[in-house]
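**Q** File work17.csv below, CSV, C-alpha atoms:
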```
chain,number,residue,atom,x,y,z
A,1,MET,CA,-34.1,3.7,-33.2
A,2,THR,CA,-34.9,1.6,-36.3
A,3,ALA,CA,-34.0,-2.0,-36.8
A,4,THR,CA,-31.3,-1.0,-39.3
A,5,GLU,CA,-29.7,1.5,-36.9
A,6,GLU,CA,-29.8,-1.2,-34.2
A,7,ARG,CA,-27.7,-3.5,-36.4
A,8,THR,CA,-25.2,-0.8,-37.5
A,9,ALA,CA,-24.6,0.9,-34.1
A,10,THR,CA,-20.9,1.4,-33.2
A,11,ARG,CA,-19.2,1.2,-29.8
A,12,ARG,CA,-15.7,2.3,-29.0
A,13,LEU,CA,-13.6,-0.3,-27.1
A,14,ARG,CA,-10.6,1.0,-25.2
A,15,VAL,CA,-8.6,-2.2,-24.7
A,16,PHE,CA,-5.8,-2.8,-22.3
A,17,ARG,CA,-2.6,-3.8,-24.1
A,18,PHE,CA,0.6,-5.2,-22.7
A,19,LYS,CA,3.2,-7.6,-24.2
A,20,ARG,CA,6.3,-9.0,-22.7
A,21,GLY,CA,9.1,-6.4,-23.0
A,22,ASP,CA,6.7,-3.5,-23.0
A,23,GLU,CA,7.8,-0.8,-20.5
A,24,ARG,CA,4.3,-0.2,-19.4
A,25,PRO,CA,0.7,-1.1,-20.5
A,26,HIS,CA,-1.4,1.2,-22.7
A,27,PHE,CA,-4.8,1.3,-24.2
A,28,ASP,CA,-5.8,1.0,-27.8
A,29,ALA,CA,-9.2,2.2,-29.1
A,30,PHE,CA,-11.3,0.3,-31.6
A,31,ASP,CA,-14.6,1.3,-33.1
A,32,VAL,CA,-16.7,-1.9,-33.3
A,33,PRO,CA,-20.0,-2.5,-35.1
A,34,VAL,CA,-22.5,-4.0,-32.6
A,35,GLY,CA,-25.9,-5.5,-32.8
A,36,PRO,CA,-28.5,-6.0,-30.0
A,37,ARG,CA,-26.9,-9.3,-28.9
A,38,THR,CA,-23.3,-8.5,-29.4
A,39,THR,CA,-21.3,-9.6,-26.3
A,40,VAL,CA,-18.0,-8.1,-25.1
A,41,LEU,CA,-16.3,-11.3,-26.3
A,42,ASP,CA,-17.9,-11.0,-29.8
A,43,ALA,CA,-16.6,-7.4,-30.0
A,44,LEU,CA,-13.1,-8.5,-28.9
A,45,VAL,CA,-13.0,-11.3,-31.4
A,46,TRP,CA,-14.1,-8.9,-34.1
A,47,VAL,CA,-11.2,-6.6,-33.1
A,48,ARG,CA,-8.8,-9.5,-33.4
A,49,VAL,CA,-10.2,-10.7,-36.8
A,50,HIS,CA,-10.6,-7.3,-38.4
A,51,ARG,CA,-8.3,-4.8,-36.7
A,52,ASP,CA,-5.5,-6.3,-34.7
A,53,HIS,CA,-4.7,-10.0,-34.8
A,54,THR,CA,-2.1,-9.6,-32.0
A,55,LEU,CA,-4.8,-9.0,-29.4
A,56,ALA,CA,-4.5,-11.7,-26.8
A,57,LEU,CA,-7.6,-12.9,-25.1
A,58,ARG,CA,-8.8,-16.2,-23.7
A,59,HIS,CA,-12.2,-17.9,-24.1
A,60,SER,CA,-13.7,-21.3,-24.6
A,61,CYS,CA,-17.2,-22.3,-23.9
A,62,LEU,CA,-19.1,-19.1,-24.8
A,63,HIS,CA,-21.9,-19.8,-22.2
A,64,ALA,CA,-20.5,-18.7,-18.8
A,65,SER,CA,-19.5,-22.2,-17.9
A,66,CYS,CA,-15.7,-22.3,-18.3
A,67,GLY,CA,-14.8,-19.0,-16.6
A,68,THR,CA,-11.9,-18.3,-19.0
A,69,CYS,CA,-13.1,-15.0,-20.5
A,70,GLY,CA,-13.3,-13.1,-17.2
A,71,LEU,CA,-12.2,-9.5,-17.5
A,72,ARG,CA,-13.2,-6.0,-16.4
A,73,ALA,CA,-15.5,-3.9,-18.5
A,74,ASN,CA,-15.8,-0.3,-17.3
A,75,GLY,CA,-14.3,-1.4,-14.1
A,76,ARG,CA,-16.7,-4.1,-13.3
A,77,GLU,CA,-15.8,-7.8,-13.3
A,78,VAL,CA,-17.7,-9.7,-15.9
A,79,LEU,CA,-17.6,-12.8,-18.1
A,80,ALA,CA,-17.2,-11.4,-21.6
A,81,CYS,CA,-19.2,-14.1,-23.3
A,82,VAL,CA,-22.5,-13.2,-21.5
A,83,THR,CA,-22.1,-9.4,-21.2
A,84,ALA,CA,-23.9,-7.4,-23.8
A,85,VAL,CA,-22.0,-4.5,-25.2
A,86,ARG,CA,-25.2,-2.5,-25.4
A,87,ASP,CA,-25.5,-2.4,-21.6
A,88,LEU,CA,-22.1,-0.7,-21.2
A,89,GLY,CA,-22.5,2.7,-22.8
A,90,LEU,CA,-20.9,4.2,-25.9
A,91,GLU,CA,-17.3,3.8,-24.8
A,92,ILE,CA,-16.2,0.6,-23.0
A,93,THR,CA,-12.9,0.2,-21.2
A,94,VAL,CA,-11.8,-3.4,-21.2
A,95,GLU,CA,-9.1,-4.5,-18.8
A,96,PRO,CA,-7.8,-7.8,-17.5
A,97,ILE,CA,-9.0,-8.9,-14.1
A,98,ALA,CA,-7.2,-7.2,-11.3
A,99,ASN,CA,-4.8,-8.6,-8.7
A,100,ILE,CA,-3.4,-11.3,-11.0
A,101,PRO,CA,-0.2,-10.9,-13.1
A,102,VAL,CA,-0.9,-10.0,-16.8
A,103,LEU,CA,0.8,-12.3,-19.3
A,104,ALA,CA,-0.4,-10.4,-22.4
A,105,ASP,CA,-3.2,-8.0,-23.1
A,106,LEU,CA,-6.3,-9.5,-21.4
A,107,VAL,CA,-4.7,-12.8,-20.5
A,108,VAL,CA,-3.6,-13.3,-16.9
A,109,ASP,CA,-1.6,-16.0,-15.1
A,110,MET,CA,-4.3,-18.0,-13.4
A,111,ARG,CA,-1.5,-20.0,-11.6
A,112,SER,CA,-1.5,-17.2,-9.0
A,113,MET,CA,-5.1,-18.1,-8.2
A,114,TYR,CA,-4.7,-21.9,-8.1
A,115,GLU,CA,-1.7,-21.5,-5.8
A,116,ARG,CA,-4.0,-20.0,-3.2
A,117,PHE,CA,-6.0,-23.2,-2.8
A,118,PRO,CA,-5.1,-25.7,0.0
A,119,ASP,CA,-2.8,-28.4,-1.5
A,120,GLU,CA,-4.2,-31.5,0.2
A,121,HIS,CA,-7.8,-31.0,-1.0
A,122,PRO,CA,-8.4,-31.4,-4.7
A,123,ILE,CA,-10.5,-28.7,-6.3
A,124,ILE,CA,-12.5,-31.3,-8.3
A,125,ARG,CA,-13.8,-34.2,-6.3
A,126,ARG,CA,-14.9,-37.7,-7.4
A,127,SER,CA,-18.6,-37.9,-7.8
A,128,GLU,CA,-20.4,-40.4,-5.6
A,129,LEU,CA,-23.6,-39.7,-7.6
A,130,ALA,CA,-22.4,-41.8,-10.5
A,131,ASP,CA,-21.0,-44.8,-8.6
A,132,GLY,CA,-23.1,-47.3,-10.6
A,133,ALA,CA,-22.2,-45.9,-14.0
A,134,SER,CA,-19.2,-46.9,-16.0
A,135,PRO,CA,-17.4,-43.9,-17.6
A,136,PRO,CA,-16.8,-44.0,-21.3
A,137,GLU,CA,-13.4,-44.9,-22.7
A,138,GLY,CA,-10.7,-42.2,-22.1
A,139,ILE,CA,-12.3,-40.9,-18.9
A,140,ASP,CA,-11.0,-42.4,-15.7
A,141,GLU,CA,-13.9,-41.5,-13.5
A,142,TYR,CA,-16.8,-39.1,-13.2
A,143,VAL,CA,-16.2,-36.0,-11.3
A,144,ARG,CA,-18.6,-33.7,-9.7
A,145,PHE,CA,-18.2,-30.0,-10.4
A,146,GLU,CA,-19.0,-27.5,-7.8
A,147,ASP,CA,-20.6,-24.2,-8.7
A,148,CYS,CA,-17.3,-22.3,-8.8
A,149,ILE,CA,-16.0,-21.9,-12.4
A,150,GLU,CA,-12.6,-20.6,-11.2
A,151,CYS,CA,-12.9,-17.5,-13.3
A,152,GLY,CA,-11.0,-15.4,-10.8
A,153,LEU,CA,-13.5,-12.5,-10.8
A,154,CYS,CA,-13.9,-12.7,-7.0
A,155,LEU,CA,-10.1,-12.3,-6.6
A,156,SER,CA,-10.2,-9.3,-8.9
A,157,ALA,CA,-13.2,-7.6,-7.2
A,158,CYS,CA,-11.8,-8.1,-3.6
A,159,PRO,CA,-10.3,-4.8,-2.3
A,160,VAL,CA,-8.4,-6.6,0.4
A,161,VAL,CA,-6.3,-8.8,-2.1
A,162,VAL,CA,-4.6,-5.6,-3.2
A,163,THR,CA,-3.1,-5.1,0.3
A,164,THR,CA,-1.2,-8.5,0.5
A,165,GLY,CA,-0.3,-11.2,-1.9
A,166,ARG,CA,-0.5,-13.7,1.0
A,167,TYR,CA,-4.2,-13.4,1.4
A,168,VAL,CA,-5.6,-16.6,0.0
A,169,GLY,CA,-8.7,-14.8,-1.3
A,170,PRO,CA,-12.4,-15.6,-1.7
A,171,ALA,CA,-12.3,-18.5,-4.2
A,172,ALA,CA,-10.0,-20.7,-2.1
A,173,LEU,CA,-11.9,-19.9,1.2
A,174,ALA,CA,-15.3,-20.5,-0.4
A,175,PHE,CA,-13.9,-23.8,-1.7
A,176,ALA,CA,-12.7,-24.7,1.9
A,177,GLU,CA,-16.1,-23.9,3.3
A,178,ARG,CA,-17.8,-26.1,0.7
A,179,VAL,CA,-15.7,-29.0,1.8
A,180,VAL,CA,-16.3,-28.2,5.5
A,181,GLU,CA,-20.1,-28.0,4.7
A,182,GLU,CA,-20.1,-31.4,2.9
A,183,PRO,CA,-16.9,-33.3,3.8
A,184,ARG,CA,-18.0,-36.6,2.2
A,185,GLY,CA,-15.6,-38.4,4.5
A,186,ALA,CA,-12.7,-35.9,4.2
A,187,ASP,CA,-11.0,-34.8,7.4
A,188,VAL,CA,-11.7,-31.1,7.6
A,189,ALA,CA,-9.6,-30.4,10.8
A,190,ASP,CA,-6.6,-29.5,8.7
A,191,LEU,CA,-8.7,-27.4,6.3
A,192,LEU,CA,-10.0,-25.4,9.3
A,193,ALA,CA,-6.5,-25.0,10.6
A,194,TRP,CA,-5.5,-23.8,7.1
A,195,ALA,CA,-8.3,-21.2,7.1
A,196,ASP,CA,-7.6,-20.1,10.7
A,197,ASP,CA,-4.9,-17.7,9.8
A,198,PRO,CA,-4.5,-13.9,9.6
A,199,ASP,CA,-4.1,-14.3,5.8
A,200,GLY,CA,-6.9,-16.8,5.7
A,201,ALA,CA,-10.6,-16.4,6.7
A,202,TRP,CA,-9.7,-13.6,9.1
A,203,ARG,CA,-8.3,-11.3,6.5
A,204,CYS,CA,-11.7,-10.8,4.8
A,205,HIS,CA,-13.4,-7.5,5.7
A,206,ALA,CA,-16.9,-8.6,4.8
A,207,ILE,CA,-17.1,-6.3,1.8
A,208,PHE,CA,-19.1,-8.7,-0.4
A,209,GLU,CA,-17.6,-7.5,-3.6
A,210,CYS,CA,-16.6,-11.1,-4.4
A,211,THR,CA,-20.3,-12.1,-4.1
A,212,GLU,CA,-21.3,-9.2,-6.3
A,213,ALA,CA,-18.8,-10.2,-9.0
A,214,CYS,CA,-19.4,-14.0,-8.9
A,215,PRO,CA,-21.2,-15.1,-12.1
A,216,SER,CA,-21.9,-18.5,-10.7
A,217,ASN,CA,-23.8,-17.6,-7.5
A,218,VAL,CA,-21.2,-19.2,-5.3
A,219,ASN,CA,-21.6,-16.3,-2.8
A,220,PRO,CA,-18.0,-16.5,-1.6
A,221,ALA,CA,-18.4,-13.8,1.0
A,222,ALA,CA,-21.2,-15.6,2.8
A,223,ARG,CA,-19.2,-18.8,2.6
A,224,ILE,CA,-16.2,-17.1,4.3
A,225,MET,CA,-18.5,-15.8,7.0
A,226,ALA,CA,-19.9,-19.3,7.5
A,227,LEU,CA,-16.3,-20.6,7.6
A,228,ARG,CA,-15.6,-18.1,10.4
A,229,GLY,CA,-18.7,-19.4,12.2
A,230,SER,CA,-17.3,-23.0,11.9
A,231,LEU,CA,-13.9,-21.8,13.3
A,232,LEU,CA,-15.6,-20.0,16.2
A,233,GLY,CA,-17.7,-23.1,16.8
A,234,ARG,CA,-14.6,-25.3,16.8
A,235,ASP,CA,-12.8,-23.1,19.3
A,236,LEU,CA,-15.8,-22.7,21.6
A,237,GLN,CA,-16.2,-26.5,21.6
A,238,ALA,CA,-12.5,-26.9,22.4
A,239,ALA,CA,-12.7,-24.3,25.2
A,240,ARG,CA,-15.8,-26.0,26.7
A,241,LYS,CA,-13.9,-29.4,26.7
A,242,ALA,CA,-10.9,-27.7,28.3
A,243,THR,CA,-13.0,-26.2,31.1
A,244,PRO,CA,-13.0,-28.4,34.2
A,245,GLY,CA,-16.4,-29.7,35.4
B,1,MET,CA,-1.1,-28.4,3.1
B,2,SER,CA,-0.1,-25.1,1.7
B,3,THR,CA,0.9,-22.4,4.1
B,4,HIS,CA,0.3,-18.7,4.0
B,5,GLU,CA,3.9,-17.9,3.1
B,6,ASP,CA,4.5,-15.9,0.0
B,7,PRO,CA,3.4,-18.0,-3.0
B,8,SER,CA,6.0,-18.6,-5.7
B,9,TRP,CA,4.2,-16.4,-8.2
B,10,LEU,CA,4.6,-13.5,-5.8
B,11,SER,CA,8.3,-13.7,-5.9
B,12,GLU,CA,8.4,-13.9,-9.7
B,13,ARG,CA,5.5,-11.7,-10.6
B,14,ASP,CA,7.7,-8.9,-12.0
B,15,ALA,CA,8.9,-11.3,-14.6
B,16,LEU,CA,5.3,-12.4,-15.3
B,17,GLY,CA,3.9,-9.0,-16.0
B,18,PRO,CA,2.2,-6.1,-14.3
B,19,ILE,CA,-0.4,-6.7,-11.7
B,20,GLN,CA,-3.4,-4.7,-12.7
B,21,ARG,CA,-4.9,-2.6,-9.9
B,22,LYS,CA,-8.2,-0.9,-9.8
B,23,GLY,CA,-8.2,2.8,-10.5
B,24,VAL,CA,-5.2,4.9,-11.1
B,25,GLY,CA,-2.0,4.5,-9.1
B,26,PRO,CA,-0.8,1.9,-6.7
B,27,GLY,CA,-2.6,-0.4,-4.3
B,28,PRO,CA,-5.4,1.0,-2.1
B,29,ILE,CA,-5.8,4.1,-4.3
B,30,GLY,CA,-8.0,1.8,-6.3
B,31,TRP,CA,-10.4,1.7,-3.4
B,32,LEU,CA,-11.5,5.2,-4.5
B,33,ASP,CA,-12.4,4.0,-8.0
B,34,PRO,CA,-16.2,3.8,-7.8
B,35,ARG,CA,-16.8,2.1,-11.2
B,36,GLY,CA,-19.0,-0.9,-10.8
B,37,ARG,CA,-18.7,-1.1,-7.1
B,38,GLY,CA,-21.5,-2.2,-4.7
B,39,LEU,CA,-22.7,-1.1,-1.3
B,40,GLY,CA,-20.2,-3.3,0.5
B,41,HIS,CA,-17.3,-1.5,-1.2
B,42,VAL,CA,-18.7,2.0,-0.4
B,43,ALA,CA,-19.3,0.9,3.3
B,44,PHE,CA,-15.7,-0.4,3.5
B,45,VAL,CA,-14.1,2.7,2.0
B,46,ALA,CA,-16.3,5.0,4.2
B,47,ASN,CA,-15.2,2.9,7.2
B,48,ARG,CA,-11.5,3.4,6.4
B,49,ILE,CA,-11.9,7.1,5.9
B,50,THR,CA,-13.9,7.6,9.1
B,51,GLY,CA,-11.3,5.4,10.9
B,52,LEU,CA,-8.5,7.6,9.7
B,53,GLY,CA,-10.5,10.7,10.7
B,54,LEU,CA,-11.0,9.3,14.2
B,55,VAL,CA,-7.3,8.5,14.6
B,56,ALA,CA,-6.5,12.1,13.5
B,57,TYR,CA,-9.0,13.5,15.9
B,58,LEU,CA,-7.6,11.4,18.8
B,59,TYR,CA,-4.2,13.0,18.4
B,60,LEU,CA,-5.8,16.5,17.9
B,61,HIS,CA,-7.8,15.9,21.1
B,62,LEU,CA,-4.6,15.0,23.0
B,63,GLY,CA,-2.9,18.1,21.6
B,64,VAL,CA,-5.8,20.3,22.6
B,65,LEU,CA,-5.9,18.9,26.1
B,66,SER,CA,-2.2,19.8,26.5
B,67,MET,CA,-3.3,23.4,26.4
B,68,LEU,CA,-4.3,22.9,30.0
B,69,LEU,CA,-0.5,23.1,30.8
B,70,PHE,CA,-0.5,26.7,29.7
B,71,GLY,CA,-3.0,27.8,32.4
B,72,GLU,CA,-6.6,28.8,32.8
B,73,ASP,CA,-6.5,31.7,30.4
B,74,ALA,CA,-5.2,29.7,27.5
B,75,TRP,CA,-7.9,27.0,28.2
B,76,GLY,CA,-10.6,29.7,28.4
B,77,ASP,CA,-9.5,31.2,25.0
B,78,PHE,CA,-9.7,27.7,23.5
B,79,LEU,CA,-13.2,27.1,24.9
B,80,ARG,CA,-14.4,30.4,23.4
B,81,LEU,CA,-13.1,29.2,20.0
B,82,ALA,CA,-14.5,25.7,20.4
B,83,THR,CA,-18.0,27.0,21.0
B,84,THR,CA,-18.2,29.0,17.8
B,85,THR,CA,-20.7,27.8,15.2
B,86,ILE,CA,-18.0,26.4,12.8
B,87,PHE,CA,-16.4,24.3,15.5
B,88,LEU,CA,-19.8,23.0,16.6
B,89,TRP,CA,-20.4,21.9,13.0
B,90,LEU,CA,-17.1,20.1,13.2
B,91,ASP,CA,-18.4,18.4,16.3
B,92,VAL,CA,-21.4,17.2,14.2
B,93,VAL,CA,-18.9,15.8,11.6
B,94,LEU,CA,-17.1,14.1,14.4
B,95,LEU,CA,-20.4,12.6,15.7
B,96,PHE,CA,-21.1,11.3,12.1
B,97,GLY,CA,-17.7,9.7,12.0
B,98,LEU,CA,-18.1,8.0,15.4
B,99,LEU,CA,-21.6,6.8,14.5
B,100,TYR,CA,-20.7,5.5,11.1
B,101,HIS,CA,-17.5,3.7,12.3
B,102,GLY,CA,-19.2,2.3,15.4
B,103,LEU,CA,-22.4,1.1,13.7
B,104,ASN,CA,-20.6,-0.3,10.7
B,105,GLY,CA,-18.2,-2.0,13.1
B,106,ILE,CA,-21.2,-3.7,14.7
B,107,ARG,CA,-22.5,-4.7,11.3
B,108,VAL,CA,-19.1,-6.2,10.2
B,109,THR,CA,-18.9,-8.0,13.5
B,110,LEU,CA,-22.3,-9.6,13.2
B,111,VAL,CA,-21.7,-10.5,9.6
B,112,GLY,CA,-18.1,-11.4,10.0
B,113,THR,CA,-18.5,-13.9,12.8
B,114,GLY,CA,-21.1,-15.9,10.9
B,115,PHE,CA,-24.2,-14.9,12.9
B,116,VAL,CA,-25.9,-13.3,10.0
B,117,PRO,CA,-23.6,-14.0,7.0
B,118,ASP,CA,-26.1,-13.0,4.4
B,119,ARG,CA,-27.6,-9.8,5.8
B,120,HIS,CA,-24.9,-7.2,5.3
B,121,ARG,CA,-27.0,-4.9,3.2
B,122,ALA,CA,-30.0,-5.0,5.5
B,123,LEU,CA,-27.7,-4.3,8.5
B,124,TRP,CA,-26.1,-1.4,6.7
B,125,TRP,CA,-29.5,0.2,6.1
B,126,ALA,CA,-30.6,-0.5,9.7
B,127,GLY,CA,-27.5,1.1,11.0
B,128,GLY,CA,-28.1,4.0,8.6
B,129,VAL,CA,-31.6,4.6,10.0
B,130,ILE,CA,-30.3,4.4,13.6
B,131,GLY,CA,-27.3,6.6,12.8
B,132,THR,CA,-29.4,9.2,11.1
B,133,VAL,CA,-31.8,9.5,14.0
B,134,VAL,CA,-29.0,9.7,16.6
B,135,LEU,CA,-27.0,12.1,14.4
B,136,THR,CA,-30.1,14.4,13.9
B,137,ALA,CA,-30.8,14.4,17.7
B,138,GLY,CA,-27.1,15.0,18.4
B,139,ALA,CA,-26.8,17.8,15.9
B,140,LEU,CA,-29.8,19.6,17.2
B,141,HIS,CA,-28.4,19.3,20.7
B,142,ILE,CA,-25.0,20.5,19.7
B,143,LEU,CA,-26.1,23.3,17.5
B,144,GLY,CA,-28.8,24.3,19.9
B,145,GLY,CA,-26.1,25.7,22.1
B,146,ALA,CA,-24.6,27.8,19.4
```
Do you think you could lay out the structure here as structure tokens?
**A**
Amino acid sequence: MTATEERTATRRLRVFRFKRGDERPHFDAFDVPVGPRTTVLDALVWVRVHRDHTLALRHSCLHASCGTCGLRANGREVLACVTAVRDLGLEITVEPIANIPVLADLVVDMRSMYERFPDEHPIIRRSELADGASPPEGIDEYVRFEDCIECGLCLSACPVVVTTGRYVGPAALAFAERVVEEPRGADVADLLAWADDPDGAWRCHAIFECTEACPSNVNPAARIMALRGSLLGRDLQAARKATPG
Amino acid sequence: MSTHEDPSWLSERDALGPIQRKGVGPGPIGWLDPRGRGLGHVAFVANRITGLGLVAYLYLHLGVLSMLLFGEDAWGDFLRLATTTIFLWLDVVLLFGLLYHGLNGIRVTLVGTGFVPDRHRALWWAGGVIGTVVLTAGALHILGGA
């Protein structure tokens, strides 16, 4: 393939479409010119600019940091901003992430993910690493971001989430384990009690699809397993204390 | 602290929009959609299928045993049928189901209780090797009597 052909190659995008009031979703096909570095997000933005300005999609940082452009390309959970179109074949089916209500086209209601997190432990914690530094005007305090970018890809990839809306899912459980692992003064007893539930840590079937999907190397499945280890350790300790002698 | 009751979005999700599933059709049908799935997903689906097969076999087995109620002749007729080559091959399939489900169960237990949380792939392959050896020996034993 010559350099010119590389630049003028075309890929067909089959894009999931749904707007409020639609009876059911459908797919629209768009032929998109792509180059060697064209990402799925580039292709979708091209569609919106040149073919259909009503296409709803969400994105922000363009470098796999914000987690807002998560979707499924050919069935696989990806961040659209760092996924090359060339790696996905001649026809690419683009769908919103699964197991979360669709608001419009590729945009989902992330509230349904955040509601799974335990209420009394904030997702973002105050950073103790910058204690000596004074934040600039307009910023109350420095916060330390964990590896999770809250993209929801793990929730989409998990085959168990499909069976019950009550399962809190990989992201929330991985978050809980992160706090248990490094509590920084937090009382983790209530967090362990929260996770110790049939719809909590015990609902996971150790499938590891969440870990496969995670673009941020959080490894949610291993964290859930570690959380179970903590729960078992807690219960064994309690049983030992309760045993006379 | 949030509980595990139905979250609010669950009750209003119909108003929010459809919940996308994997694959075609509702709920767990998506488990059969292989696009982009990893070893863990394949292991999980195979575990479900072998589990259903074993449950079906349990009831079939109980049904077959009830033939004893119809006397020695009826049981003898069944035994002649059960020792034909095709039935012996079904025994091999049953052995595969038992081995897969049992060995995968041990894998999930070891991974799922936090003993080896990051070794699910290695355990699957180890179980595969053990299972293949036992299945081969078992199949030779079963079919050797055909």
**Q** Please measure the separation of CA of Asn217 in chain A and CA of Asp197 in chain A, giving the value in Å to one decimal.
**A**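 These atoms are spaced 25.6 Å apart.
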**Q** What separation in Å, quoted to one decimal, exists between CA of Val94 in chain A and CA of Ser112 in chain A?
**A**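 Interatomic distance, CA of Val94 in chain A to CA of Ser112 in chain A: 21.1 Å.
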**Q** Counting only C-alpha atoms, collect the residues of chain A whose closest atom lies at most 6 Å from chain B, and write them out as a PDB file with C-alpha atoms, in the coordinates of the input.
**A**
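Full text of iface-v3.pdb as output:
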```pdb
ATOM      1  CA  GLY A  75     -14.300  -1.400 -14.100  1.00  0.00           C
ATOM      2  CA  ARG A  76     -16.700  -4.100 -13.300  1.00  0.00           C
ATOM      3  CA  ALA A  98      -7.200  -7.200 -11.300  1.00  0.00           C
ATOM      4  CA  ASN A  99      -4.800  -8.600  -8.700  1.00  0.00           C
ATOM      5  CA  ILE A 100      -3.400 -11.300 -11.000  1.00  0.00           C
ATOM      6  CA  PRO A 101      -0.200 -10.900 -13.100  1.00  0.00           C
ATOM      7  CA  VAL A 102      -0.900 -10.000 -16.800  1.00  0.00           C
ATOM      8  CA  LEU A 103       0.800 -12.300 -19.300  1.00  0.00           C
ATOM      9  CA  SER A 112      -1.500 -17.200  -9.000  1.00  0.00           C
ATOM     10  CA  PRO A 118      -5.100 -25.700   0.000  1.00  0.00           C
ATOM     11  CA  ASP A 119      -2.800 -28.400  -1.500  1.00  0.00           C
ATOM     12  CA  GLU A 120      -4.200 -31.500   0.200  1.00  0.00           C
ATOM     13  CA  VAL A 162      -4.600  -5.600  -3.200  1.00  0.00           C
ATOM     14  CA  ARG A 166      -0.500 -13.700   1.000  1.00  0.00           C
ATOM     15  CA  ILE A 207     -17.100  -6.300   1.800  1.00  0.00           C
ATOM     16  CA  PHE A 208     -19.100  -8.700  -0.400  1.00  0.00           C
ATOM     17  CA  ALA A 222     -21.200 -15.600   2.800  1.00  0.00           C
ATOM     18  CA  MET A 225     -18.500 -15.800   7.000  1.00  0.00           C
ATOM     19  CA  ALA A 226     -19.900 -19.300   7.500  1.00  0.00           C
ATOM     20  CA  ARG A 228     -15.600 -18.100  10.400  1.00  0.00           C
ATOM     21  CA  GLY A 229     -18.700 -19.400  12.200  1.00  0.00           C
TER      22      GLY A 229
END
```
**Q** What does the structure give for the distance between CA of Leu135 in chain B and CA of Leu79 in chain B, in Å to one decimal?
**A** 22.9 Å
**Q** Skip Asp28 in chain A itself and residues of its chain fewer than 4 positions away, then list as a PyMOL selection string all residues within 7 Å of it, counting all atoms listed in the file.
**A** chain A and resi 14-17
**Q** Would you please work out which residue, of A:Val78, A:Val179, A:Leu55, A:Leu13, is nearest to Val107 in chain A when using all atoms listed in the file?
**A** A:Leu55
**Q** Pick from A:Cys66, A:Cys158, A:Val82, A:Val108: nearest to Thr38 in chain A, with all atoms listed in the file counted?
**A**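 Among A:Cys66, A:Cys158, A:Val82, A:Val108, it is A:Val82 that comes nearest to Thr38 in chain A.
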**Q** Of the candidates A:Cys204, A:Ala239, A:Val32, A:Ala213, which one gets nearest to Arg48 in chain A if we count all atoms listed in the file?
**A**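 The shortest atom-to-atom distance to Arg48 in chain A comes from A:Val32.
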